[in-house]
Amino acid sequence: MKIGPTASHAPQISAKEDAELARICKEFEGVFLRQLLTVAKVGEQGGQSGYGPMIVDSLATSVGDAGGLGLADKIREALAGAQTTTAKDSSK
């Protein structure tokens, strides 16, 4: 049994809103990835290197340019659905 929105119940937002939402979600994914890499101490070599932040930034940018983690798409889908639900609830 497949659970999910059907074609008639799929969230409906404008193309402009969807593009803006996708951009914001991609930015959020980048911020999240930078935090994740920083906490994992990627780019540090015994705390001596001053290049750690640049390595983290470069790696996060490269991952994002290659398609990211897929988190941005999932967040966009969830927010688009929530936005549609909110719009329907406020029109009652």
# chains A, B, ... in the order shown; residues from 1 in each chain; ligands from 1
call {"tool": "residues_around", "arguments": {"residues": "segment 16-27 of chain A", "least_positions_apart": "5", "cutoff": "7 Å", "atoms": "only C-alpha atoms", "output": "ChimeraX atom specification"}}
result
/A:72,75-76
call {"tool": "write_last_selection", "arguments": {"atoms": "C-alpha atoms", "output": "compact mmCIF listing (two decimals), in the first residue's frame"}}
result
# COMPACT_ATOMS: atom_id res chain seq x y z
CA ALA A 72 16.53 20.27 0.93
CA ILE A 75 12.11 19.92 3.60
CA ARG A 76 10.66 21.64 0.51
call {"tool": "residues_around", "arguments": {"residues": "Ile55 of chain A", "least_positions_apart": "6", "cutoff": "12 Å", "atoms": "only C-alpha atoms", "output": "list in words"}}
result
Arg34, Leu37, Thr38, Lys41, Val42, Gly43, Glu44, Gln45, Ser49, Thr61 and Ser62 of chain A
call {"tool": "select_by_dssp", "arguments": {"residues": "segment 30-67 of chain A", "states": "helix (DSSP H, G or I)", "output": "mmCIF file with C-alpha atoms, in the first residue's frame"}}
result
data_model
loop_
_atom_site.group_PDB
_atom_site.id
_atom_site.type_symbol
_atom_site.label_atom_id
_atom_site.label_comp_id
_atom_site.auth_asym_id
_atom_site.auth_seq_id
_atom_site.Cartn_x
_atom_site.Cartn_y
_atom_site.Cartn_z
ATOM 1 C CA GLY A 30 24.177 24.196 3.222
ATOM 2 C CA VAL A 31 24.124 25.788 6.673
ATOM 3 C CA PHE A 32 23.244 22.437 8.236
ATOM 4 C CA LEU A 33 26.036 20.670 6.350
ATOM 5 C CA ARG A 34 28.588 23.306 7.417
ATOM 6 C CA GLN A 35 27.533 22.861 11.049
ATOM 7 C CA LEU A 36 27.730 19.082 10.723
ATOM 8 C CA LEU A 37 31.237 19.223 9.235
ATOM 9 C CA THR A 38 32.392 21.753 11.838
ATOM 10 C CA VAL A 39 31.159 19.611 14.721
ATOM 11 C CA GLY A 52 39.751 24.313 8.848
ATOM 12 C CA PRO A 53 36.890 26.754 8.159
ATOM 13 C CA MET A 54 37.933 27.104 4.518
ATOM 14 C CA ILE A 55 38.036 23.331 4.085
ATOM 15 C CA VAL A 56 34.589 22.964 5.668
ATOM 16 C CA ASP A 57 33.171 25.717 3.453
ATOM 17 C CA SER A 58 34.697 24.245 0.299
ATOM 18 C CA LEU A 59 33.514 20.728 1.100
ATOM 19 C CA ALA A 60 29.987 21.894 1.958
ATOM 20 C CA THR A 61 29.798 23.937 -1.250
ATOM 21 C CA SER A 62 31.018 20.978 -3.325
ATOM 22 C CA VAL A 63 28.457 18.624 -1.767
ATOM 23 C CA GLY A 64 25.706 21.183 -2.384
ATOM 24 C CA ASP A 65 26.757 21.706 -6.007
#
call {"tool": "atom_distance", "arguments": {"atom1": "atom CA of Gly81 of chain A", "atom2": "atom CA of Glu29 of chain A"}}
result
18.6 Å
call {"tool": "atom_distance", "arguments": {"atom1": "atom CA of Ala15 of chain A", "atom2": "atom CA of Leu79 of chain A"}}
result
14.3 Å
